[in-house]
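A.B. asks: Structure file model13.cif (mmCIF, C-alpha atoms) right here:
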data_final
loop_
_atom_site.label_atom_id
_atom_site.label_comp_id
_atom_site.auth_asym_id
_atom_site.auth_seq_id
_atom_site.Cartn_x
_atom_site.Cartn_y
_atom_site.Cartn_z
CA MET A 1 -34.28 -107.76 74.98
CA LYS A 2 -35.33 -111.11 73.55
CA ASN A 3 -36.66 -109.49 70.36
CA ARG A 4 -33.43 -107.51 69.99
CA GLY A 5 -31.42 -110.77 70.15
CA VAL A 6 -33.63 -112.39 67.55
CA ASN A 7 -33.29 -109.35 65.30
CA ASN A 8 -29.47 -109.49 65.57
CA ILE A 9 -29.47 -113.15 64.64
CA MET A 10 -31.69 -112.44 61.64
CA LYS A 11 -29.49 -109.55 60.55
CA LYS A 12 -26.38 -111.72 60.74
CA SER A 13 -28.11 -114.49 58.81
CA LEU A 14 -29.21 -112.06 56.12
CA MET A 15 -25.68 -110.62 55.89
CA PHE A 16 -24.22 -114.11 55.54
CA ILE A 17 -26.71 -114.99 52.82
CA LEU A 18 -25.97 -111.70 51.04
CA VAL A 19 -22.21 -112.31 51.18
CA MET A 20 -22.65 -115.87 49.83
CA VAL A 21 -24.86 -114.62 46.99
CA LEU A 22 -22.30 -111.96 46.09
CA CYS A 23 -19.52 -114.57 46.16
CA PHE A 24 -21.48 -116.86 43.85
CA LEU A 25 -22.21 -113.97 41.52
CA PHE A 26 -18.53 -112.94 41.50
CA VAL A 27 -17.32 -116.48 40.81
CA GLY A 28 -20.01 -116.94 38.21
CA CYS A 29 -19.02 -113.72 36.46
CA LYS A 30 -15.36 -114.70 36.43
CA PHE A 31 -16.17 -118.16 35.09
CA LYS A 32 -18.40 -116.62 32.42
CA LYS A 33 -15.65 -114.19 31.46
CA GLU A 34 -13.10 -117.01 31.17
CA LYS A 35 -15.52 -119.03 29.04
CA GLU A 36 -16.01 -115.97 26.84
CA THR A 37 -12.23 -115.65 26.47
CA GLN A 38 -12.04 -119.29 25.35
CA LYS A 39 -14.80 -118.66 22.84
CA GLU A 40 -12.96 -115.58 21.62
CA PHE A 41 -9.81 -117.65 20.99
CA MET A 42 -11.78 -120.41 19.26
CA GLN A 43 -13.52 -117.81 17.11
CA MET A 44 -10.14 -116.30 16.14
CA VAL A 45 -8.94 -119.72 15.00
CA THR A 46 -12.15 -120.43 13.09
CA ASN A 47 -12.14 -117.05 11.32
CA ALA A 48 -8.38 -116.95 10.59
CA SER A 49 -7.45 -116.69 6.93
CA SER A 50 -3.83 -117.23 7.91
CA TYR A 51 -1.53 -117.13 10.92
CA CYS A 52 2.07 -117.60 11.97
CA VAL A 53 3.12 -119.17 15.27
CA GLU A 54 6.58 -119.53 16.80
CA GLY A 55 7.58 -121.29 19.96
CA ILE A 56 9.63 -123.80 21.90
CA MET A 57 8.71 -127.41 22.50
CA GLU A 58 10.26 -129.16 25.50
CA SER A 59 9.94 -132.95 25.67
CA TYR A 60 10.56 -134.63 29.01
CA TYR A 61 11.97 -138.08 29.73
CA GLN A 62 13.23 -139.88 32.80
CA ASP A 63 16.66 -138.26 33.05
CA GLY A 64 16.13 -134.88 31.44
CA ARG A 65 14.51 -133.04 28.58
CA LYS A 66 15.05 -132.17 24.93
CA GLN A 67 14.25 -128.78 23.44
CA ASN A 68 13.16 -127.91 19.91
CA GLU A 69 12.17 -124.67 18.23
CA PHE A 70 9.13 -124.71 15.96
CA THR A 71 7.17 -122.51 13.59
CA VAL A 72 3.66 -123.08 12.29
CA LYS A 73 2.26 -121.37 9.20
CA TYR A 74 -1.38 -121.71 8.28
CA LYS A 75 -3.48 -120.60 5.35
CA SER A 76 -7.22 -121.15 4.96
CA PRO A 77 -8.86 -123.50 4.41
CA ASP A 78 -6.47 -126.22 5.62
CA PHE A 79 -2.87 -125.61 4.49
CA ILE A 80 -0.44 -126.14 7.38
CA LYS A 81 3.33 -126.19 7.60
CA VAL A 82 5.20 -127.11 10.78
CA THR A 83 8.97 -126.69 10.88
CA ILE A 84 10.77 -128.26 13.84
CA LYS A 85 14.39 -127.43 14.57
CA ASP A 86 16.67 -129.44 16.82
CA ALA A 87 18.14 -127.03 19.37
CA GLU A 88 21.41 -128.97 19.47
CA GLN A 89 22.14 -128.54 15.77
CA ASN A 90 20.69 -126.81 12.73
CA ASP A 91 18.68 -129.86 11.70
CA LYS A 92 15.12 -129.16 10.56
CA GLN A 93 12.20 -131.42 9.76
CA ILE A 94 8.94 -130.32 8.16
CA ILE A 95 5.35 -131.56 8.35
CA LEU A 96 3.38 -130.06 5.48
CA LYS A 97 -0.20 -130.29 4.30
CA ASN A 98 -1.31 -128.83 0.97
CA SER A 99 -3.94 -129.60 -1.66
CA GLU A 100 -1.99 -132.69 -2.78
CA GLY A 101 -1.65 -134.36 0.60
CA VAL A 102 0.42 -134.63 3.76
CA TYR A 103 4.22 -134.78 3.72
CA VAL A 104 7.15 -135.24 6.07
CA LEU A 105 10.31 -133.63 4.70
CA ILE A 106 13.86 -134.43 5.84
CA PRO A 107 15.89 -131.73 4.04
CA SER A 108 19.30 -132.79 5.45
CA VAL A 109 19.18 -135.99 3.34
CA ASN A 110 16.79 -134.69 0.67
CA LYS A 111 14.09 -137.21 1.52
CA ASN A 112 10.35 -136.72 1.12
CA PHE A 113 7.69 -138.93 2.69
CA LYS A 114 4.16 -138.60 1.34
CA ILE A 115 1.83 -139.83 4.09
CA LYS A 116 -1.68 -141.12 3.49
CA SER A 117 -3.09 -139.55 6.63
CA THR A 118 -5.85 -137.34 8.01
CA TRP A 119 -3.28 -135.22 9.87
CA PRO A 120 -3.83 -133.05 11.83
CA THR A 121 -7.48 -133.91 12.57
CA ASN A 122 -6.71 -137.50 13.65
CA SER A 123 -5.04 -136.57 16.97
CA SER A 124 -4.08 -133.63 19.16
CA TYR A 125 -0.93 -131.58 18.62
CA PRO A 126 -0.14 -129.02 21.35
CA TYR A 127 1.72 -126.73 18.94
CA LEU A 128 -1.28 -126.36 16.59
CA LEU A 129 -3.96 -123.77 17.38
CA GLN A 130 -6.60 -125.88 15.63
CA SER A 131 -5.84 -128.81 17.93
CA ILE A 132 -6.06 -126.63 21.04
CA SER A 133 -9.40 -125.21 19.85
CA LYS A 134 -10.73 -128.70 19.09
CA ASP A 135 -9.79 -130.02 22.54
CA LEU A 136 -11.48 -127.03 24.18
CA ALA A 137 -14.64 -127.60 22.16
CA ASN A 138 -14.70 -131.33 22.99
CA GLU A 139 -14.20 -130.85 26.73
CA LYS A 140 -17.60 -130.80 28.45
CA GLU A 141 -16.23 -130.29 31.96
CA PRO A 142 -13.03 -128.20 31.78
CA ILE A 143 -11.22 -127.39 35.00
CA ILE A 144 -10.48 -123.65 35.10
CA THR A 145 -8.11 -121.92 37.52
CA GLU A 146 -7.19 -118.23 37.61
CA GLN A 147 -3.83 -116.49 38.09
CA ASP A 148 -3.00 -112.77 38.07
CA ASP A 149 -2.61 -112.25 34.32
CA THR A 150 -3.54 -115.69 33.05
CA TYR A 151 -6.00 -118.48 33.53
CA THR A 152 -5.52 -122.20 32.98
CA VAL A 153 -7.94 -124.61 31.35
CA GLU A 154 -7.46 -128.33 31.91
CA THR A 155 -8.83 -130.69 29.24
CA LYS A 156 -8.38 -134.24 28.04
CA THR A 157 -6.17 -134.86 25.02
CA SER A 158 -4.82 -137.76 22.95
CA LEU A 159 -1.42 -137.73 21.27
CA HIS A 160 -2.25 -140.43 18.74
CA ASN A 161 -5.06 -142.84 17.93
CA ASP A 162 -3.86 -145.67 20.18
CA ALA A 163 -2.75 -143.42 23.03
CA LEU A 164 -4.43 -143.35 26.40
CA ALA A 165 -6.41 -140.17 26.99
CA VAL A 166 -4.22 -137.87 29.04
CA LYS A 167 -4.63 -134.37 30.38
CA GLN A 168 -3.28 -131.02 29.24
CA LYS A 169 -3.26 -127.58 30.80
CA ILE A 170 -3.68 -124.64 28.42
CA ILE A 171 -2.52 -121.32 29.87
CA PHE A 172 -4.23 -118.28 28.34
CA ASP A 173 -3.27 -114.63 28.49
CA LYS A 174 -6.26 -112.72 29.89
CA LYS A 175 -5.69 -109.62 27.78
CA THR A 176 -5.12 -111.23 24.39
CA ALA A 177 -7.16 -114.45 24.81
CA LEU A 178 -4.21 -116.25 23.21
CA PRO A 179 -2.49 -119.36 24.59
CA LYS A 180 0.90 -118.79 26.23
CA GLU A 181 1.74 -122.39 27.15
CA VAL A 182 0.40 -125.92 26.82
CA LEU A 183 1.46 -128.56 29.35
CA VAL A 184 0.76 -132.17 28.37
CA TYR A 185 0.92 -134.89 31.03
CA ASP A 186 1.27 -138.64 30.58
CA GLU A 187 -0.94 -141.32 32.13
CA ASN A 188 1.12 -141.10 35.33
CA SER A 189 0.49 -137.32 35.54
CA ASP A 190 4.16 -136.62 34.79
CA LEU A 191 4.94 -133.68 32.49
CA TYR A 192 5.50 -135.08 29.00
CA ILE A 193 5.51 -132.08 26.65
CA ARG A 194 5.63 -128.34 27.33
CA VAL A 195 4.91 -125.92 24.49
CA VAL A 196 5.71 -122.23 24.98
CA PHE A 197 4.33 -119.83 22.37
CA THR A 198 6.67 -116.89 21.75
CA LYS A 199 4.64 -115.47 18.85
CA VAL A 200 1.05 -115.84 17.69
CA ASP A 201 0.21 -113.59 14.75
CA PHE A 202 -3.23 -113.74 13.13
CA GLU A 203 -2.32 -110.79 10.90
CA ALA A 204 0.59 -112.58 9.20
CA LYS A 205 0.50 -112.77 5.42
CA VAL A 206 1.45 -116.30 4.39
CA SER A 207 2.48 -117.01 0.80
CA ASP A 208 1.29 -120.05 -1.13
CA ASP A 209 4.96 -120.86 -1.74
CA GLU A 210 5.25 -121.84 1.93
CA PHE A 211 3.18 -124.94 1.15
CA SER A 212 5.18 -126.04 -1.89
CA VAL A 213 7.05 -129.27 -1.14
CA GLU A 214 9.83 -128.44 -3.60
CA LYS A 215 10.34 -124.85 -2.44
CA SER A 216 10.19 -125.80 1.23
CA MET A 217 12.86 -128.45 0.70
CA GLU A 218 15.01 -126.10 -1.38
CA THR A 219 14.83 -123.26 1.18
CA ILE A 220 16.12 -125.41 4.05
CA ARG A 221 18.81 -127.06 1.93
CA LEU A 222 20.11 -123.64 0.93
CA GLU A 223 20.41 -122.81 4.64
CA TYR A 224 22.62 -125.88 5.12
CA GLY A 225 25.03 -124.74 2.40
CA GLU A 226 27.17 -126.96 0.16
CA LYS A 227 28.56 -129.06 3.01
CA GLY A 228 25.14 -129.85 4.42
CA ILE A 229 24.94 -131.51 7.84
CA GLU A 230 27.58 -134.06 8.78
CA TYR A 231 26.38 -136.79 11.13
CA ASP A 232 28.48 -138.98 13.39
CA ARG A 233 26.50 -142.16 12.74
CA VAL A 234 26.80 -145.46 14.55
CA VAL A 235 24.71 -148.60 14.78
CA SER A 236 23.65 -149.01 18.41
CA TYR A 237 21.55 -151.23 20.61
CA PRO A 238 18.34 -150.08 22.30
CA ILE A 239 18.65 -148.97 25.91
CA ILE A 240 14.89 -149.08 26.46
CA PHE A 241 12.89 -152.19 25.60
CA PRO A 242 10.47 -154.53 27.37
CA LYS A 243 11.84 -156.87 30.02
CA GLY A 244 11.77 -160.51 29.03
CA SER A 245 12.87 -159.79 25.45
CA ASN A 246 16.33 -160.67 24.17
CA LEU A 247 18.32 -160.11 21.01
CA ILE A 248 18.22 -163.36 19.04
CA GLY A 249 19.60 -162.25 15.69
CA GLU A 250 21.52 -159.44 14.03
CA ASP A 251 22.33 -158.96 10.36
CA THR A 252 24.38 -156.02 9.01
CA ILE A 253 25.07 -155.06 5.41
CA LYS A 254 27.81 -152.50 4.77
CA SER A 255 29.20 -150.85 1.68
CA THR A 256 32.97 -150.93 1.24
CA ASP A 257 33.32 -147.25 2.22
CA GLY A 258 31.09 -147.71 5.27
CA ASN A 259 28.71 -144.95 4.21
CA ASP A 260 25.82 -147.31 3.53
CA VAL A 261 24.87 -149.47 6.49
CA ARG A 262 21.69 -151.43 7.14
CA THR A 263 21.28 -153.46 10.33
CA ILE A 264 18.36 -155.67 11.30
CA MET A 265 18.05 -156.69 14.96
CA LYS A 266 15.45 -159.27 15.99
CA PHE A 267 14.22 -159.58 19.57
CA SER A 268 12.16 -162.42 21.00
CA GLY A 269 10.90 -163.60 24.39
CA ASP A 270 7.84 -162.31 26.22
CA VAL A 271 7.27 -159.97 23.25
CA GLY A 272 8.86 -159.94 19.82
CA PHE A 273 9.96 -156.99 17.73
CA THR A 274 12.44 -156.00 15.02
CA ILE A 275 14.60 -152.87 14.82
CA ILE A 276 16.05 -151.72 11.49
CA GLN A 277 18.74 -149.03 11.43
CA GLU A 278 19.79 -147.61 8.09
CA PHE A 279 22.33 -144.88 7.38
CA ILE A 280 20.79 -142.36 4.98
CA ARG A 281 23.21 -140.25 3.00
CA ASP A 282 22.48 -136.90 1.39
CA ARG A 283 21.62 -136.95 -2.31
CA ASP A 284 21.30 -134.31 -5.01
CA VAL A 285 17.99 -135.78 -6.16
CA THR A 286 15.06 -135.97 -3.76
CA VAL A 287 14.19 -139.49 -2.61
CA PHE A 288 10.42 -139.98 -2.56
CA GLN A 289 8.69 -142.55 -0.35
CA GLN A 290 4.99 -143.20 0.24
CA GLU A 291 3.61 -144.35 3.58
CA THR A 292 0.22 -144.82 5.23
CA GLY A 293 0.15 -143.76 8.83
CA GLU A 294 -0.14 -141.17 11.52
CA ILE A 295 2.30 -138.40 12.42
CA THR A 296 3.55 -137.81 15.94
CA THR A 297 6.70 -136.57 17.66
CA VAL A 298 9.27 -138.40 19.78
CA LEU A 299 11.13 -135.95 22.01
CA GLY A 300 10.41 -133.27 19.42
CA ASN A 301 11.47 -135.45 16.48
CA VAL A 302 8.93 -136.32 13.76
CA ALA A 303 7.87 -139.97 13.68
CA ILE A 304 5.44 -141.92 11.50
CA ILE A 305 3.15 -144.48 13.12
CA LYS A 306 2.40 -147.25 10.64
CA SER A 307 0.47 -150.50 10.83
CA ASN A 308 2.39 -152.58 13.42
CA GLY A 309 5.38 -150.24 13.37
CA VAL A 310 6.92 -146.80 13.75
CA GLN A 311 9.54 -144.98 11.72
CA MET A 312 11.82 -142.05 12.54
CA PHE A 313 14.85 -140.26 11.09
CA TYR A 314 17.36 -138.97 13.64
CA GLN A 315 20.94 -137.74 13.15
CA GLY A 316 21.53 -139.47 9.85
CA VAL A 317 19.94 -142.79 10.77
CA GLU A 318 16.49 -144.02 9.81
CA TYR A 319 14.96 -146.19 12.53
CA THR A 320 12.08 -148.57 11.88
CA ILE A 321 10.53 -150.71 14.62
CA GLY A 322 8.04 -153.42 13.74
CA SER A 323 6.04 -155.62 16.09
CA ASN A 324 2.76 -157.49 16.41
CA ASP A 325 3.14 -157.55 20.20
CA LEU A 326 4.17 -154.03 21.24
CA ALA A 327 1.80 -151.10 21.72
CA VAL A 328 2.59 -147.91 19.82
CA MET A 329 3.75 -146.15 22.99
CA GLN A 330 6.22 -148.96 23.73
CA MET A 331 7.75 -148.60 20.27
CA LEU A 332 7.96 -144.83 20.69
CA ASP A 333 9.74 -145.38 24.01
CA ILE A 334 12.33 -147.54 22.25
CA LEU A 335 12.94 -144.75 19.74
CA ALA A 336 13.23 -142.21 22.56
CA GLY A 337 15.99 -144.36 24.05
CA TYR A 338 18.09 -143.89 20.92
CA MET A 339 17.70 -140.13 21.24
CA THR A 340 18.74 -140.02 24.91
CA ASN A 341 21.56 -142.56 24.70
CA PRO A 342 24.69 -140.67 25.90
CA SER A 343 26.90 -142.76 23.60
CA LYS A 344 25.23 -141.37 20.49
#
So, in terms of structure tokens, how does the structure I just supplied come out?
C.D. replies:
Amino acid sequence: MKNRGVNNIMKKSLMFILVMVLCFLFVGCKFKKEKETQKEFMQMVTNASSYCVEGIMESYYQDGRKQNEFTVKYKSPDFIKVTIKDAEQNDKQIILKNSEGVYVLIPSVNKNFKIKSTWPTNSSYPYLLQSISKDLANEKEPIITEQDDTYTVETKTSLHNDALAVKQKIIFDKKTALPKEVLVYDENSDLYIRVVFTKVDFEAKVSDDEFSVEKSMETIRLEYGEKGIEYDRVVSYPIIFPKGSNLIGEDTIKSTDGNDVRTIMKFSGDVGFTIIQEFIRDRDVTVFQQETGEITTVLGNVAIIKSNGVQMFYQGVEYTIGSNDLAVMQMLDILAGYMTNPSK
């Protein structure tokens, strides 16, 4: 009887060990398969001669969210064109890289910024497949979770050079090995940007004309028609800025018809900064401006990070914030306030 009891205990122990081994093998196989899927996606990006991506970018702030549509066109070795459309109106902005450099185009006012920049390799951009692939490759300890038809990979990411490293979750389709969504979280683990890919086409034939600055500008301006886009422009005060700072000076220059306005607001106190607002009117001839900086987005709107400042064009007004005291993220928050101000 005693031997029979011992044998039962040994059998149960062996069964438990066998079950645990099978579980480890099953989990290990799944993890290996998911890693292979990641490698498959990264290999697709590396081997791509061209691709076309479409999607929606949702940017979150304290009281709501803003939504933009975007398209990305790529051609080997490193031509990229990103077109971002404001969902509230037919206003498009373009980030373009060709053999001559990096550009930000504002077709509604026929303005062209040439940016001395290493975009897009300098930071991470959740709407670019190359950025997603780079973040996957750089992540030594990704957190992987599985769903029915998808799996999620959590990695670190950085939205610009001075930004704190934050996390993102990349959701992959199991069948296609392509990303379906990218969720970017801020340093407080709040959702900051959500990118939803509605189309990823590695078979797309992309013309060289897509990366022509002149043709890209002309194409969008033809979409606007003769009337173009009419903006309801006003000079306004920031609703988001650091506590302990106060407006100490304001200077406004206006043309007699009110179409040309330039306002300089100076703030001082615990931190000092200057805000310049300038009405930009549409012109028949393209206005060309050179800048050195980094490209990012503020609630889906293209912004240029410069030395001790940031610059953005939104609804007919060009905003420039300069400061030796503020961090880049603080200046971007000020710009975001102009975009969420209900009075605008």
A.B. asks: Using the chain letters and numbers from the file, give me the residues hit by the PyMOL selection byres ((chain A and resi 297-303) around 6), as a PyMOL selection string.
C.D. replies: chain A and resi 59+295-296+304+311-312
A.B. asks: Find the residues around Gly322 in chain A up to 10 Å (only C-alpha atoms counted), leave out those fewer than 5 positions away in its own chain, and share them as a list of chain:residue names.
C.D. replies: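 Residues near the query, excluding close chain neighbours: A:Lys266, A:Gly272, A:Phe273, A:Thr274, A:Ile275, A:Ile276, A:Lys306, A:Ser307, A:Asn308, A:Gly309, A:Val310, A:Gln311, A:Val328, A:Met331.
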A.B. asks: Can you write out as JSON lines which residues of range 187-228 of chain A fall within 12 Å of range 84-92 of chain A, alongside each residue's closest atom pair and its distance in Å to one decimal, counting all atoms listed in the file and ordering rows by chain and ascending residue number?
C.D. replies:
{"residue": "A:Ser216", "atom": "CA", "partner": "A:Lys92", "partner_atom": "CA", "distance": 11.1}
{"residue": "A:Met217", "atom": "CA", "partner": "A:Lys92", "partner_atom": "CA", "distance": 10.1}
{"residue": "A:Thr219", "atom": "CA", "partner": "A:Lys92", "partner_atom": "CA", "distance": 11.1}
{"residue": "A:Ile220", "atom": "CA", "partner": "A:Lys92", "partner_atom": "CA", "distance": 7.6}
{"residue": "A:Arg221", "atom": "CA", "partner": "A:Lys92", "partner_atom": "CA", "distance": 9.6}
{"residue": "A:Glu223", "atom": "CA", "partner": "A:Asn90", "partner_atom": "CA", "distance": 9.0}
{"residue": "A:Tyr224", "atom": "CA", "partner": "A:Asn90", "partner_atom": "CA", "distance": 7.9}
{"residue": "A:Gly225", "atom": "CA", "partner": "A:Asn90", "partner_atom": "CA", "distance": 11.4}
{"residue": "A:Gly228", "atom": "CA", "partner": "A:Asp91", "partner_atom": "CA", "distance": 9.7}
A.B. asks: Keeping only C-alpha atoms, write the selected residues to a file as a PDB file, in the frame of the given file.
C.D. replies:
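Once written, part-v9.pdb looks like this:
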ATOM      1  CA  SER A 216      10.190-125.800   1.230  1.00  0.00           C
ATOM      2  CA  MET A 217      12.860-128.450   0.700  1.00  0.00           C
ATOM      3  CA  THR A 219      14.830-123.260   1.180  1.00  0.00           C
ATOM      4  CA  ILE A 220      16.120-125.410   4.050  1.00  0.00           C
ATOM      5  CA  ARG A 221      18.810-127.060   1.930  1.00  0.00           C
ATOM      6  CA  GLU A 223      20.410-122.810   4.640  1.00  0.00           C
ATOM      7  CA  TYR A 224      22.620-125.880   5.120  1.00  0.00           C
ATOM      8  CA  GLY A 225      25.030-124.740   2.400  1.00  0.00           C
ATOM      9  CA  GLY A 228      25.140-129.850   4.420  1.00  0.00           C
TER      10      GLY A 228
END
A.B. asks: Might you pull out every residue within 10 Å of Thr340 in chain A, with only C-alpha atoms counted and same-chain residues fewer than 3 positions away left off, and present them as a list of chain:residue names?
C.D. replies: A:Tyr61, A:Gln62, A:Asp63, A:Gly64, A:Arg65, A:Lys66, A:Ile239, A:Ile240, A:Leu299, A:Leu335, A:Ala336, A:Gly337, A:Ser343, A:Lys344
A.B. asks: For the residues selected in the previous step, produce a file with C-alpha atoms as an mmCIF file, keeping the file's coordinate frame.
C.D. replies:
data_model
loop_
_atom_site.group_PDB
_atom_site.id
_atom_site.type_symbol
_atom_site.label_atom_id
_atom_site.label_comp_id
_atom_site.auth_asym_id
_atom_site.auth_seq_id
_atom_site.Cartn_x
_atom_site.Cartn_y
_atom_site.Cartn_z
ATOM 1 C CA TYR A 61 11.970 -138.080 29.730
ATOM 2 C CA GLN A 62 13.230 -139.880 32.800
ATOM 3 C CA ASP A 63 16.660 -138.260 33.050
ATOM 4 C CA GLY A 64 16.130 -134.880 31.440
ATOM 5 C CA ARG A 65 14.510 -133.040 28.580
ATOM 6 C CA LYS A 66 15.050 -132.170 24.930
ATOM 7 C CA ILE A 239 18.650 -148.970 25.910
ATOM 8 C CA ILE A 240 14.890 -149.080 26.460
ATOM 9 C CA LEU A 299 11.130 -135.950 22.010
ATOM 10 C CA LEU A 335 12.940 -144.750 19.740
ATOM 11 C CA ALA A 336 13.230 -142.210 22.560
ATOM 12 C CA GLY A 337 15.990 -144.360 24.050
ATOM 13 C CA SER A 343 26.900 -142.760 23.600
ATOM 14 C CA LYS A 344 25.230 -141.370 20.490
#
A.B. asks: Around all the atoms of range 123-130 of chain A listed in the file, with 6 Å of room on each side, what axis-aligned box do you get, giving centre and edge lengths in Å to one decimal, as lines of an AutoDock Vina configuration file?
C.D. replies:
center_x = -2.4
center_y = -130.2
center_z = 18.5
size_x = 20.3
size_y = 24.8
size_z = 17.7
A.B. asks: When the PyMOL selection byres ((chain A and resi 200) around 6) is applied to the file above, which residues end up in the set, as a list in words?
C.D. replies: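 Expected selection for the PyMOL selection byres ((chain A and resi 200) around 6) here is Val53, Lys199 and Asp201 of chain A.
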A.B. asks: With all atoms listed in the file as the counted atoms, please give the residues lying no more than 12 Å from Met44 in chain A, apart from itself and same-chain residues fewer than 4 positions off, as a CSV table (one decimal) with C-alpha atoms, keeping the file's coordinate frame.
C.D. replies:
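part_38.csv was written with the following content:
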chain,number,residue,atom,x,y,z
A,37,THR,CA,-12.2,-115.6,26.5
A,38,GLN,CA,-12.0,-119.3,25.4
A,39,LYS,CA,-14.8,-118.7,22.8
A,40,GLU,CA,-13.0,-115.6,21.6
A,48,ALA,CA,-8.4,-117.0,10.6
A,49,SER,CA,-7.4,-116.7,6.9
A,50,SER,CA,-3.8,-117.2,7.9
A,51,TYR,CA,-1.5,-117.1,10.9
A,129,LEU,CA,-4.0,-123.8,17.4
A,130,GLN,CA,-6.6,-125.9,15.6
A,133,SER,CA,-9.4,-125.2,19.8
A,176,THR,CA,-5.1,-111.2,24.4
A,177,ALA,CA,-7.2,-114.4,24.8
A,178,LEU,CA,-4.2,-116.2,23.2
A,179,PRO,CA,-2.5,-119.4,24.6
A,200,VAL,CA,1.0,-115.8,17.7
A,201,ASP,CA,0.2,-113.6,14.8
A,202,PHE,CA,-3.2,-113.7,13.1
A,203,GLU,CA,-2.3,-110.8,10.9
A.B. asks: What separation in Å, quoted to one decimal, exists between CA of Ser245 in chain A and CA of Met329 in chain A?
C.D. replies: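 Interatomic distance here is 16.6 Å.
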A.B. asks: Just say which residues the PyMOL selection byres ((chain A and resi 291) around 8) picks in this file, as a list in words.
C.D. replies: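 For this structure, the PyMOL selection byres ((chain A and resi 291) around 8) captures Phe113, Lys114, Ile115, Lys116, Gln289, Gln290, Thr292, Gly293 and Lys306 of chain A.
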A.B. asks: From the options A:Glu141, A:Glu294, A:Glu318, A:Glu214, which residue's atoms come nearest to Ile280 in chain A, counting all atoms listed in the file?
C.D. replies: A:Glu318
A.B. asks: I need the residue nearest Lys243 in chain A from this list: A:Val195, A:Leu326, A:Leu183, A:Leu222. Use all atoms listed in the file for the distance.
C.D. replies: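 Closest to Lys243 in chain A, using all atoms listed in the file: A:Leu326.
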A.B. asks: Do a neighbour search on Gln330 in chain A at 8 Å with only C-alpha atoms, toss out local chain neighbours closer than 4 positions, and write the hits as a ChimeraX atom specification.
C.D. replies: /A:241-242,326,334
A.B. asks: From the set A:Phe172, A:Tyr185, A:Phe267, A:Tyr125, which residue has the shortest atom-to-atom contact distance to Leu159 in chain A, counting all atoms listed in the file?
C.D. replies: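 Residue with the minimum atom-to-atom distance to Leu159 in chain A: A:Tyr125.
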A.B. asks: Between A:Gly269, A:Ile143, A:Lys73, A:Gln277, which one has atoms that come closest to Asp251 in chain A, using all atoms listed in the file?
C.D. replies: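 Under the stated criterion, the closest residue is A:Gln277.
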A.B. asks: Calculate how many Å separate CA of Lys111 in chain A from CA of Thr286 in chain A, rounding to one decimal.
C.D. replies: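 Separating CA of Lys111 in chain A from CA of Thr286 in chain A is a distance of 5.5 Å.
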A.B. asks: Which of these, A:Ser207, A:Asn68, A:Ser108, A:Thr150, has the shortest distance to Ile80 in chain A once you count only C-alpha atoms?
C.D. replies: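 Nearest to Ile80 in chain A: A:Ser207.
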